[in-house]
$ cat final-v4.txt   # compact mmCIF, C-alpha atoms
# COMPACT_ATOMS: atom_id res chain seq x y z
CA LEU A 1 -36.77 -28.49 -19.70
CA GLY A 2 -33.07 -28.71 -20.32
CA ALA A 3 -32.66 -32.10 -21.96
CA PHE A 4 -35.67 -32.92 -24.14
CA GLY A 5 -34.91 -34.36 -27.55
CA GLY A 6 -38.01 -32.90 -29.15
CA LEU A 7 -41.55 -32.60 -27.93
CA ARG A 8 -44.77 -30.79 -28.66
CA LEU A 9 -46.51 -29.78 -25.47
CA ALA A 10 -49.98 -28.39 -24.91
CA ALA A 11 -51.78 -26.98 -21.91
CA ALA A 12 -53.63 -29.43 -19.67
CA PRO A 13 -57.09 -30.66 -20.80
CA SER A 14 -58.82 -28.08 -18.62
CA PHE A 15 -57.26 -25.43 -20.82
CA MET A 16 -58.99 -26.51 -24.00
CA LEU A 17 -61.27 -24.50 -26.24
CA GLY A 18 -63.57 -26.50 -28.48
CA GLY A 19 -61.29 -29.54 -28.34
CA LYS A 20 -58.21 -27.53 -29.33
CA PRO A 21 -55.48 -26.52 -26.86
CA LYS A 22 -55.46 -22.83 -26.07
CA VAL A 23 -51.69 -22.87 -26.47
CA SER A 24 -49.20 -25.39 -27.85
CA PHE A 25 -45.46 -25.18 -28.27
CA GLY A 26 -42.53 -27.27 -29.40
CA VAL A 27 -39.59 -28.05 -27.12
CA LEU A 28 -35.98 -28.73 -28.09
CA SER A 29 -32.70 -28.45 -26.28
CA ASP A 30 -29.02 -28.80 -27.08
CA VAL A 31 -29.28 -28.45 -30.83
CA HIS A 32 -25.51 -27.74 -30.89
CA ILE A 33 -25.36 -26.30 -34.39
CA ARG A 34 -21.92 -26.99 -35.85
CA ALA A 35 -22.56 -25.49 -39.28
CA TYR A 36 -20.90 -22.25 -40.29
CA ALA A 37 -23.24 -19.81 -42.03
CA GLY A 38 -21.88 -19.05 -45.46
CA ALA A 39 -20.07 -22.37 -45.80
CA GLU A 40 -21.03 -24.43 -48.84
CA ASN A 41 -22.76 -27.20 -46.87
CA TRP A 42 -24.24 -25.21 -43.98
CA ARG A 43 -27.86 -26.05 -44.84
CA GLU A 44 -27.04 -29.75 -45.08
CA ARG A 45 -25.44 -29.63 -41.64
CA CYS A 46 -28.57 -27.98 -40.19
CA ALA A 47 -30.92 -30.59 -41.72
CA TYR A 48 -32.03 -32.28 -38.49
CA PHE A 49 -32.76 -28.95 -36.85
CA ARG A 50 -34.69 -27.77 -39.90
CA HIS A 51 -36.76 -30.98 -40.00
CA ALA A 52 -37.68 -30.56 -36.33
CA LEU A 53 -38.84 -27.00 -36.96
CA GLU A 54 -40.80 -28.11 -40.02
CA TRP A 55 -42.55 -30.77 -37.94
CA PHE A 56 -43.47 -28.23 -35.27
CA ARG A 57 -44.77 -25.99 -38.06
CA SER A 58 -46.96 -28.84 -39.36
CA GLN A 59 -48.42 -29.22 -35.86
CA GLY A 60 -49.57 -25.62 -35.76
CA VAL A 61 -47.57 -24.61 -32.68
CA ASP A 62 -47.81 -21.13 -31.23
CA GLY A 63 -44.13 -21.07 -30.32
CA VAL A 64 -40.93 -23.09 -30.17
CA MET A 65 -38.86 -23.34 -26.99
CA ILE A 66 -35.15 -24.15 -27.36
CA THR A 67 -33.47 -24.38 -24.00
CA GLY A 68 -29.83 -23.65 -24.68
CA ASP A 69 -26.66 -24.81 -26.39
CA LEU A 70 -27.76 -23.32 -29.68
CA ALA A 71 -24.21 -22.98 -31.08
CA ASP A 72 -21.90 -25.88 -30.31
CA ASN A 73 -18.73 -23.84 -29.86
CA GLY A 74 -20.32 -20.47 -29.22
CA PHE A 75 -19.13 -19.17 -32.59
CA VAL A 76 -20.79 -16.32 -34.43
CA GLU A 77 -21.28 -18.29 -37.68
CA GLN A 78 -22.88 -21.19 -35.79
CA PHE A 79 -25.40 -18.89 -34.15
CA GLN A 80 -26.07 -17.24 -37.50
CA ALA A 81 -26.74 -20.67 -39.07
CA PHE A 82 -29.14 -21.43 -36.20
CA ALA A 83 -31.02 -18.16 -36.75
CA ASP A 84 -31.03 -18.43 -40.55
CA THR A 85 -32.52 -21.93 -40.32
CA TRP A 86 -35.29 -20.62 -38.07
CA PHE A 87 -36.20 -17.84 -40.47
CA GLU A 88 -36.16 -20.20 -43.46
CA VAL A 89 -38.89 -22.26 -41.74
CA PHE A 90 -40.67 -19.34 -40.05
CA PRO A 91 -40.00 -16.24 -42.20
CA GLY A 92 -40.64 -13.17 -40.14
CA ASP A 93 -41.57 -15.47 -37.22
CA ARG A 94 -44.71 -16.45 -39.14
CA ALA A 95 -46.41 -19.72 -39.99
CA PRO A 96 -47.69 -20.21 -43.56
CA ASP A 97 -51.15 -19.00 -42.49
CA GLY A 98 -49.67 -15.74 -41.18
CA ARG A 99 -49.84 -16.57 -37.48
CA LYS A 100 -47.03 -15.38 -35.21
CA VAL A 101 -44.82 -18.25 -33.98
CA GLU A 102 -42.94 -17.03 -30.94
CA LYS A 103 -39.23 -17.61 -30.41
CA LEU A 104 -38.61 -18.97 -26.91
CA PHE A 105 -34.84 -19.34 -26.97
CA VAL A 106 -32.19 -19.12 -24.26
CA PHE A 107 -28.43 -19.53 -24.34
CA GLY A 108 -26.69 -22.45 -22.63
CA ASN A 109 -23.17 -23.00 -21.38
CA HIS A 110 -21.78 -23.92 -24.82
CA ASP A 111 -23.04 -20.62 -26.22
CA TRP A 112 -21.27 -18.70 -23.47
CA GLU A 113 -18.17 -20.69 -22.75
CA GLY A 114 -17.51 -21.89 -26.29
CA CYS A 115 -14.70 -24.20 -25.21
CA TYR A 116 -15.93 -27.65 -26.18
CA GLY A 117 -14.17 -28.95 -29.26
CA ASN A 118 -10.91 -28.66 -31.09
CA ASP A 119 -11.53 -25.27 -32.65
CA HIS A 120 -10.59 -22.54 -30.17
CA ARG A 121 -10.73 -19.39 -32.26
CA GLN A 122 -11.20 -17.08 -29.31
CA ASP A 123 -11.88 -13.99 -31.40
CA ASN A 124 -14.95 -15.63 -32.88
CA PHE A 125 -16.74 -16.41 -29.61
CA MET A 126 -20.12 -14.71 -29.28
CA LYS A 127 -19.76 -14.03 -25.59
CA ARG A 128 -17.79 -10.91 -26.27
CA GLU A 129 -20.88 -9.15 -27.64
CA PHE A 130 -23.91 -11.29 -26.90
CA ALA A 131 -26.66 -8.70 -27.19
CA LYS A 132 -25.30 -7.47 -30.52
CA TYR A 133 -25.43 -10.89 -32.16
CA TRP A 134 -28.79 -11.79 -30.64
CA GLU A 135 -30.32 -8.62 -32.00
CA ARG A 136 -28.54 -8.89 -35.36
CA PHE A 137 -29.54 -12.48 -36.11
CA LEU A 138 -32.85 -12.90 -34.24
CA HIS A 139 -34.16 -9.34 -34.77
CA GLU A 140 -35.36 -8.79 -31.22
CA PRO A 141 -33.89 -7.21 -28.08
CA TYR A 142 -31.65 -9.33 -25.85
CA GLU A 143 -32.56 -9.54 -22.17
CA PRO A 144 -30.81 -11.85 -19.66
CA ILE A 145 -34.25 -12.90 -18.39
CA TYR A 146 -37.50 -12.13 -20.17
CA MET A 147 -41.20 -12.88 -20.34
CA LYS A 148 -43.30 -13.40 -23.45
CA LYS A 149 -46.95 -14.40 -23.73
CA LEU A 150 -48.46 -16.99 -26.05
CA ASN A 151 -52.22 -16.64 -26.28
CA GLY A 152 -52.20 -15.09 -22.82
CA TYR A 153 -49.95 -17.71 -21.19
CA PRO A 154 -46.67 -16.33 -19.77
CA PHE A 155 -43.32 -17.90 -20.67
CA ILE A 156 -40.26 -16.82 -18.67
CA GLY A 157 -36.83 -17.64 -20.08
CA GLN A 158 -33.46 -17.07 -18.42
CA HIS A 159 -30.17 -17.18 -20.31
CA TRP A 160 -26.98 -18.77 -19.12
CA ASP A 161 -24.55 -15.91 -18.68
CA ARG A 162 -21.86 -14.45 -16.44
CA GLN A 163 -23.44 -15.68 -13.23
CA GLY A 164 -20.70 -18.25 -12.68
CA GLY A 165 -19.25 -21.47 -14.07
CA PHE A 166 -21.19 -24.61 -14.85
CA ALA A 167 -21.80 -25.83 -11.30
CA ARG A 168 -22.09 -22.31 -9.90
CA CYS A 169 -24.56 -20.80 -12.36
CA LYS A 170 -27.55 -20.42 -10.02
CA PHE A 171 -29.82 -18.46 -12.41
CA GLU A 172 -30.80 -16.23 -9.51
CA ARG A 173 -31.89 -13.31 -11.68
CA ILE A 174 -35.28 -14.96 -11.30
CA VAL A 175 -35.44 -13.65 -7.70
CA PRO A 176 -35.67 -9.91 -8.48
CA PHE A 177 -37.57 -10.69 -11.68
CA MET A 178 -40.37 -12.48 -9.83
CA ALA A 179 -40.38 -9.84 -7.12
CA LYS A 180 -41.08 -7.28 -9.84
CA HIS A 181 -43.37 -9.26 -12.15
CA GLY A 182 -44.86 -12.02 -10.01
CA LYS A 183 -47.92 -10.04 -9.00
CA SER A 184 -48.83 -9.55 -12.65
CA LEU A 185 -49.18 -13.32 -13.20
CA ASP A 186 -52.74 -14.65 -13.13
CA PRO A 187 -52.75 -17.36 -10.42
CA LYS A 188 -55.54 -19.15 -12.30
CA LEU A 189 -53.26 -19.76 -15.29
CA PRO A 190 -50.03 -21.78 -15.45
CA PHE A 191 -46.88 -20.03 -16.50
CA PHE A 192 -43.85 -21.73 -18.01
CA TYR A 193 -40.28 -21.17 -16.84
CA PHE A 194 -37.29 -22.43 -18.83
CA GLN A 195 -33.50 -22.35 -18.70
CA HIS A 196 -30.66 -24.56 -19.86
CA TYR A 197 -29.75 -26.44 -16.69
CA PRO A 198 -32.63 -28.26 -14.93
CA VAL A 199 -34.12 -26.95 -11.72
CA LYS A 200 -33.45 -29.48 -8.98
CA GLY A 201 -36.31 -31.90 -8.43
CA THR A 202 -38.23 -31.06 -11.59
CA THR A 203 -37.03 -33.56 -14.20
CA GLY A 204 -35.73 -37.11 -14.21
CA ASP A 205 -32.12 -36.06 -14.71
CA SER A 206 -32.11 -33.03 -12.42
CA ALA A 207 -30.92 -34.58 -9.15
CA GLY A 208 -27.82 -32.42 -9.38
CA GLY A 209 -29.62 -29.44 -10.86
CA VAL A 210 -29.63 -25.92 -9.55
CA ALA A 211 -31.79 -24.93 -6.60
CA GLY A 212 -30.94 -22.12 -4.18
CA GLY A 213 -32.76 -18.83 -4.67
CA LEU A 214 -34.13 -20.01 -8.01
CA ALA A 215 -36.20 -22.85 -6.54
CA ALA A 216 -37.30 -20.69 -3.60
CA ALA A 217 -38.49 -17.91 -5.92
CA LEU A 218 -40.51 -20.29 -8.07
CA ALA A 219 -41.92 -22.22 -5.09
CA LYS A 220 -43.99 -19.16 -4.23
CA PHE A 221 -45.95 -19.66 -7.45
CA PRO A 222 -47.60 -23.10 -7.56
CA ASN A 223 -49.14 -22.24 -10.92
$ encode --input "final-v4.txt" --output "structure tokens"
Amino acid sequence: LGAFGGLRLAAAPSFMLGGKPKVSFGVLSDVHIRAYAGAENWRERCAYFRHALEWFRSQGVDGVMITGDLADNGFVEQFQAFADTWFEVFPGDRAPDGRKVEKLFVFGNHDWEGCYGNDHRQDNFMKREFAKYWERFLHEPYEPIYMKKLNGYPFIGQHWDRQGGFARCKFERIVPFMAKHGKSLDPKLPFFYFQHYPVKGTTGDSAGGVAGGLAAALAKFPN
């Protein structure tokens, strides 16, 4: 799920209740926010992202998955603009009818490495204190890999982090995570796993994606 432009996904037809999906969620990746929170035109520069979130809101989603590269250069103000835009559309993580809309976000390589572009203000990179900025701007604990549930369906997200460079980031924290939590997953229900770089063999552009221990850990769970 590392390269979708914008989708709304729902569980398969067998997971319907009265003609309505039991769970639905929006999917985005690589939003690459270049706005700087506090700048005069920051809302204008976040317009496309805001419109996507507003459309997901109009579809009544239970959550929104954004699979990395949230801040284009990994700068604090870019991440703040990302978070502020989210909370303008979903204040307190809530839809207009009061329902919880879950944040399903993970960092990508741009968020961590912050080296793509002409502005190299090293002191402003988030990667020096990732958990602090995640908790400050998104108001939830930061975990390198985590599981949340939407209407009973598990979603497991793994951040890009200090596991290695672009080609070497194997995302293998999933191995001990599944060893610890795998038995708690209901085999009769699907669960959803997401990260920034595609798992090899899972998407059209993932021929060169990561495999290794990650693929082996997930292969044990056909659901």
$ closest_atom_pairs --input "final-v4.txt" --of "segment 78-114 of chain A" --to "segment 136-156 of chain A" --cutoff "10 Å" --atoms "all atoms listed in the file" --output "tab-separated table"
residue	atom	partner	partner_atom	distance
A:Phe79	CA	A:Phe137	CA	7.9
A:Gln80	CA	A:Phe137	CA	6.1
A:Ala81	CA	A:Phe137	CA	9.1
A:Phe82	CA	A:Phe137	CA	9.0
A:Ala83	CA	A:Phe137	CA	5.9
A:Asp84	CA	A:Phe137	CA	7.6
A:Trp86	CA	A:Leu138	CA	9.0
A:Phe87	CA	A:Leu138	CA	8.6
A:Gly92	CA	A:His139	CA	9.2
A:Asp93	CA	A:Leu138	CA	9.6
A:Lys100	CA	A:Leu150	CA	9.4
A:Val101	CA	A:Leu150	CA	8.8
A:Glu102	CA	A:Leu150	CA	7.4
A:Lys103	CA	A:Leu138	CA	8.8
A:Leu104	CA	A:Phe155	CA	7.9
A:Phe105	CA	A:Leu138	CA	9.9
A:Val106	CA	A:Pro144	CA	8.7
A:Phe107	CA	A:Pro144	CA	9.3
$ closest_residue --input "final-v4.txt" --among "A:Gly108, A:Gly74, A:Pro91, A:Gly60" --to "Tyr36 of chain A" --atoms "only C-alpha atoms"
A:Gly74
$ atom_distance --input "final-v4.txt" --atom1 "atom CA of Glu129 of chain A" --atom2 "atom CA of Val76 of chain A"
9.9 Å
$ residues_near_point --input "final-v4.txt" --point "(-29.2, -17.8, -13.1)" --cutoff "8 Å" --atoms "all atoms listed in the file" --output "ChimeraX atom specification"
/A:158-161,163,169-174,214
$ atom_distance --input "final-v4.txt" --atom1 "atom CA of Gly201 of chain A" --atom2 "atom CA of Thr67 of chain A"
17.5 Å
$ closest_residue --input "final-v4.txt" --among "A:His32, A:Lys20, A:Lys188, A:Arg57" --to "Asp72 of chain A" --atoms "all atoms listed in the file"
A:His32
$ atom_distance --input "final-v4.txt" --atom1 "atom CA of Glu88 of chain A" --atom2 "atom CA of Val23 of chain A"
23.2 Å
$ residues_around --input "final-v4.txt" --residues "Lys220 of chain A" --least-positions-apart "3" --cutoff "10 Å" --atoms "all atoms listed in the file" --output "list in words"
Met178, Gly182, Ala215, Ala216, Ala217 and Asn223 of chain A
$ closest_residue --input "final-v4.txt" --among "A:His196, A:Arg34, A:Lys183, A:Arg45" --to "Asn109 of chain A" --atoms "only C-alpha atoms"
A:His196
$ closest_residue --input "final-v4.txt" --among "A:Phe192, A:Lys132, A:Val175, A:Asp97" --to "Ser24 of chain A" --atoms "only C-alpha atoms"
A:Phe192
$ closest_residue --input "final-v4.txt" --among "A:Met126, A:Gly68, A:Ala35, A:Ala131" --to "Thr85 of chain A" --atoms "all atoms listed in the file"
A:Ala35
$ closest_residue --input "final-v4.txt" --among "A:Leu189, A:His181, A:Trp112, A:Gln195" --to "Leu28 of chain A" --atoms "only C-alpha atoms"
A:Gln195
